[in-house]
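Visitor: One structure coming up, written as structure tokens, with questions to follow.
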Amino acid sequence: SQELEQSPQSLIVQEGKNLTINCTSSKTLYGLYWYKQKYGEGLIFLMMLQKGGEEKSHEKITAKLDEKKQQSSLHITASQPSHAGIYLCGAASGTYKYIFGTGTRLKVLA
Amino acid sequence: EPEVTQTPSHQVTQMGQEVILRCVPISNHLYFYWYRQILGQKVEFLVSFYNNEISEKSEIFDDQFSVERPDGSNFTLKIRSTKLEDSAMYFCASRSDRASNQPQHFGDGTRLSIL
């Protein structure tokens, strides 16, 4: 079965610093989703990548899907305390089933 | 912006009791999902539902679980005889169609505590 592995598991950065979170799939990805979760709350959709090499940005967050479609990275530029939370990558695994990565817990120090 | 709503936000139940978690998906969505997240662990797929039937279910979704869309707006998850290990956050999600460029939208979850 397909697995998504995220790294790092947790990250503490100073406000204003850049950071990158990685998501690696055990199989080819056909659509990779990035979500943000605040502790004890629901998942908020950030962006979706479909094509190898595709890159999308939303405010200061950029995500990219590599050419071989087995890895995605999420990059935050000039991090702010509002970026704190748990970042999850997700993917379709089969026609109707979705799986999620292990999550990366981000803390931004003011 | 339309959103997925879940009730209750927190449910406390005695072990062995039945519990029903409720969800109202986004109104024009066609695909519905339930996920579970045990504290500190990953979000796990339970079941997907389309056209009034289960499309796919995980090994977690055994005979004690059932889903229903009783009235065209609500989507429920029933756990028949709860166990301590059912304690978790349960998320409902919906999606507009099966096209791969449509994301799932999640509710804020129901925290289920089994005593």
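Each chain of the structure tokens is named A, B, ... in the order shown, its residues numbered from 1; ligands are numbered from 1 in display order.
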Determine, counting only C-alpha atoms, which protein, DNA and RNA residues have an atom within 10 Å of an atom of Glu15 (chain A); residues of the same chain fewer than 3 positions away are not included. Present the result as a tab-separated table (two decimals) with N, CA and C atoms, in the first residue's frame.

Guide:
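Everything below was put into out36.tsv:
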chain	number	residue	atom	x	y	z
A	12	ILE	N	11.21	24.17	14.49
A	12	ILE	CA	11.06	25.42	15.23
A	12	ILE	C	11.95	26.44	14.54
A	18	ASN	N	13.15	31.33	6.45
A	18	ASN	CA	12.53	30.46	5.45
A	18	ASN	C	12.61	29.02	5.92
A	78	ALA	N	9.94	33.84	4.73
A	78	ALA	CA	9.74	34.85	5.79
A	78	ALA	C	8.61	34.44	6.72
A	79	SER	N	8.82	33.35	7.43
A	79	SER	CA	7.77	32.76	8.26
A	79	SER	C	7.25	33.75	9.32
A	80	GLN	N	5.98	33.56	9.65
A	80	GLN	CA	5.32	34.38	10.66
A	80	GLN	C	4.66	33.46	11.68
A	81	PRO	N	4.35	33.97	12.87
A	81	PRO	CA	3.66	33.13	13.87
A	81	PRO	C	2.36	32.52	13.34
A	82	SER	N	1.71	33.21	12.40
A	82	SER	CA	0.45	32.68	11.84
A	82	SER	C	0.67	31.43	11.00
A	83	HIS	N	1.91	31.16	10.63
A	83	HIS	CA	2.20	29.94	9.87
A	83	HIS	C	2.28	28.71	10.76
A	107	LYS	N	6.57	25.37	14.51
A	107	LYS	CA	6.45	26.44	15.52
A	107	LYS	C	7.30	27.60	15.06
A	108	VAL	N	6.74	28.79	15.09
A	108	VAL	CA	7.47	30.00	14.68
A	108	VAL	C	7.61	30.90	15.90
A	109	LEU	N	8.82	31.19	16.25
A	109	LEU	CA	9.09	32.01	17.43
A	109	LEU	C	9.10	33.49	17.06
A	110	ALA	N	8.34	34.27	17.81
A	110	ALA	CA	8.26	35.71	17.52
A	110	ALA	C	9.49	36.45	18.01

Visitor: Taking only C-alpha atoms into account, produce a table as JSON lines in which each residue of chain A with an atom at most 12 Å from an atom of chain B appears once, together with its shortest atom pair and the distance in Å to one decimal, ordered by chain and rising number.

Guide:
{"residue": "A:Ser1", "atom": "CA", "partner": "B:Ser58", "partner_atom": "CA", "distance": 11.6}
{"residue": "A:Glu3", "atom": "CA", "partner": "B:Lys42", "partner_atom": "CA", "distance": 11.3}
{"residue": "A:Leu4", "atom": "CA", "partner": "B:Lys42", "partner_atom": "CA", "distance": 10.4}
{"residue": "A:Glu5", "atom": "CA", "partner": "B:Lys42", "partner_atom": "CA", "distance": 10.7}
{"residue": "A:Gln6", "atom": "CA", "partner": "B:Lys42", "partner_atom": "CA", "distance": 11.0}
{"residue": "A:Gln9", "atom": "CA", "partner": "B:Gly40", "partner_atom": "CA", "distance": 11.5}
{"residue": "A:Leu29", "atom": "CA", "partner": "B:Ser100", "partner_atom": "CA", "distance": 11.4}
{"residue": "A:Tyr30", "atom": "CA", "partner": "B:Ser100", "partner_atom": "CA", "distance": 7.9}
{"residue": "A:Gly31", "atom": "CA", "partner": "B:Ser100", "partner_atom": "CA", "distance": 6.7}
{"residue": "A:Leu32", "atom": "CA", "partner": "B:Pro103", "partner_atom": "CA", "distance": 9.5}
{"residue": "A:Tyr33", "atom": "CA", "partner": "B:Pro103", "partner_atom": "CA", "distance": 7.4}
{"residue": "A:Trp34", "atom": "CA", "partner": "B:Pro103", "partner_atom": "CA", "distance": 9.7}
{"residue": "A:Tyr35", "atom": "CA", "partner": "B:His105", "partner_atom": "CA", "distance": 9.9}
{"residue": "A:Lys36", "atom": "CA", "partner": "B:Phe106", "partner_atom": "CA", "distance": 11.0}
{"residue": "A:Gln37", "atom": "CA", "partner": "B:Asp108", "partner_atom": "CA", "distance": 9.6}
{"residue": "A:Lys38", "atom": "CA", "partner": "B:Asp108", "partner_atom": "CA", "distance": 9.9}
{"residue": "A:Tyr39", "atom": "CA", "partner": "B:Gly40", "partner_atom": "CA", "distance": 9.9}
{"residue": "A:Gly40", "atom": "CA", "partner": "B:Met89", "partner_atom": "CA", "distance": 7.9}
{"residue": "A:Glu41", "atom": "CA", "partner": "B:Asp108", "partner_atom": "CA", "distance": 5.2}
{"residue": "A:Gly42", "atom": "CA", "partner": "B:Asp108", "partner_atom": "CA", "distance": 3.9}
{"residue": "A:Leu43", "atom": "CA", "partner": "B:Phe106", "partner_atom": "CA", "distance": 5.7}
{"residue": "A:Ile44", "atom": "CA", "partner": "B:Phe106", "partner_atom": "CA", "distance": 7.0}
{"residue": "A:Phe45", "atom": "CA", "partner": "B:His105", "partner_atom": "CA", "distance": 6.9}
{"residue": "A:Leu46", "atom": "CA", "partner": "B:Pro103", "partner_atom": "CA", "distance": 9.6}
{"residue": "A:Met47", "atom": "CA", "partner": "B:Pro103", "partner_atom": "CA", "distance": 8.4}
{"residue": "A:Met48", "atom": "CA", "partner": "B:Pro103", "partner_atom": "CA", "distance": 7.2}
{"residue": "A:Leu49", "atom": "CA", "partner": "B:Asn101", "partner_atom": "CA", "distance": 8.4}
{"residue": "A:Gln50", "atom": "CA", "partner": "B:Asn101", "partner_atom": "CA", "distance": 7.5}
{"residue": "A:Lys51", "atom": "CA", "partner": "B:Asn101", "partner_atom": "CA", "distance": 10.6}
{"residue": "A:Ile86", "atom": "CA", "partner": "B:Lys42", "partner_atom": "CA", "distance": 10.9}
{"residue": "A:Tyr87", "atom": "CA", "partner": "B:Lys42", "partner_atom": "CA", "distance": 11.3}
{"residue": "A:Leu88", "atom": "CA", "partner": "B:Val43", "partner_atom": "CA", "distance": 9.0}
{"residue": "A:Cys89", "atom": "CA", "partner": "B:Val43", "partner_atom": "CA", "distance": 10.4}
{"residue": "A:Gly90", "atom": "CA", "partner": "B:Val43", "partner_atom": "CA", "distance": 9.5}
{"residue": "A:Ala91", "atom": "CA", "partner": "B:Pro103", "partner_atom": "CA", "distance": 9.9}
{"residue": "A:Ala92", "atom": "CA", "partner": "B:Ser100", "partner_atom": "CA", "distance": 8.5}
{"residue": "A:Ser93", "atom": "CA", "partner": "B:Phe45", "partner_atom": "CA", "distance": 10.3}
{"residue": "A:Gly94", "atom": "CA", "partner": "B:Glu56", "partner_atom": "CA", "distance": 9.3}
{"residue": "A:Thr95", "atom": "CA", "partner": "B:Arg98", "partner_atom": "CA", "distance": 8.4}
{"residue": "A:Tyr96", "atom": "CA", "partner": "B:Glu56", "partner_atom": "CA", "distance": 6.1}
{"residue": "A:Lys97", "atom": "CA", "partner": "B:Glu56", "partner_atom": "CA", "distance": 6.6}
{"residue": "A:Tyr98", "atom": "CA", "partner": "B:Phe45", "partner_atom": "CA", "distance": 6.4}
{"residue": "A:Ile99", "atom": "CA", "partner": "B:Phe45", "partner_atom": "CA", "distance": 6.4}
{"residue": "A:Phe100", "atom": "CA", "partner": "B:Val43", "partner_atom": "CA", "distance": 6.0}
{"residue": "A:Gly101", "atom": "CA", "partner": "B:Lys42", "partner_atom": "CA", "distance": 6.8}
{"residue": "A:Thr102", "atom": "CA", "partner": "B:Lys42", "partner_atom": "CA", "distance": 5.3}
{"residue": "A:Gly103", "atom": "CA", "partner": "B:Lys42", "partner_atom": "CA", "distance": 7.0}
{"residue": "A:Thr104", "atom": "CA", "partner": "B:Lys42", "partner_atom": "CA", "distance": 10.5}
{"residue": "A:Arg105", "atom": "CA", "partner": "B:Gly40", "partner_atom": "CA", "distance": 10.7}

Visitor: Write out as a ChimeraX atom specification each polymer residue whose atoms come within 8 Å of Lys78 (chain B), counting only C-alpha atoms; drop sequence neighbours fewer than 5 positions from it.

Guide: /B:18-21,64-67

Visitor: So how many Å separate CA of Gly72 (chain B) and CA of Ile60 (chain B), to one decimal?

Guide: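 One can read the CA of Gly72 (chain B) to CA of Ile60 (chain B) distance as 25.7 Å.
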
Visitor: Would you mind telling me which residue in B:Ile38, B:Leu112, B:Leu30, B:Leu84 lies nearest to Pro8 (chain B) when using only C-alpha atoms?

Guide: B:Leu112

Visitor: If you measure from CA of Arg69 (chain B) to CA of Gly16 (chain B), what distance in Å do you get, rounded to one decimal?

Guide: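 The value is 23.8 Å.
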
Visitor: Taking only C-alpha atoms into account, which of B:Gln14, B:Asn28, B:Glu3, B:Asn52 comes nearest Pro70 (chain B)?

Guide: B:Asn52

Visitor: Could you check how far CA of Thr28 (chain A) sits from CA of Asp62 (chain B), in Å to one decimal?

Guide: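 Going from CA of Thr28 (chain A) over to CA of Asp62 (chain B), I get 28.8 Å.
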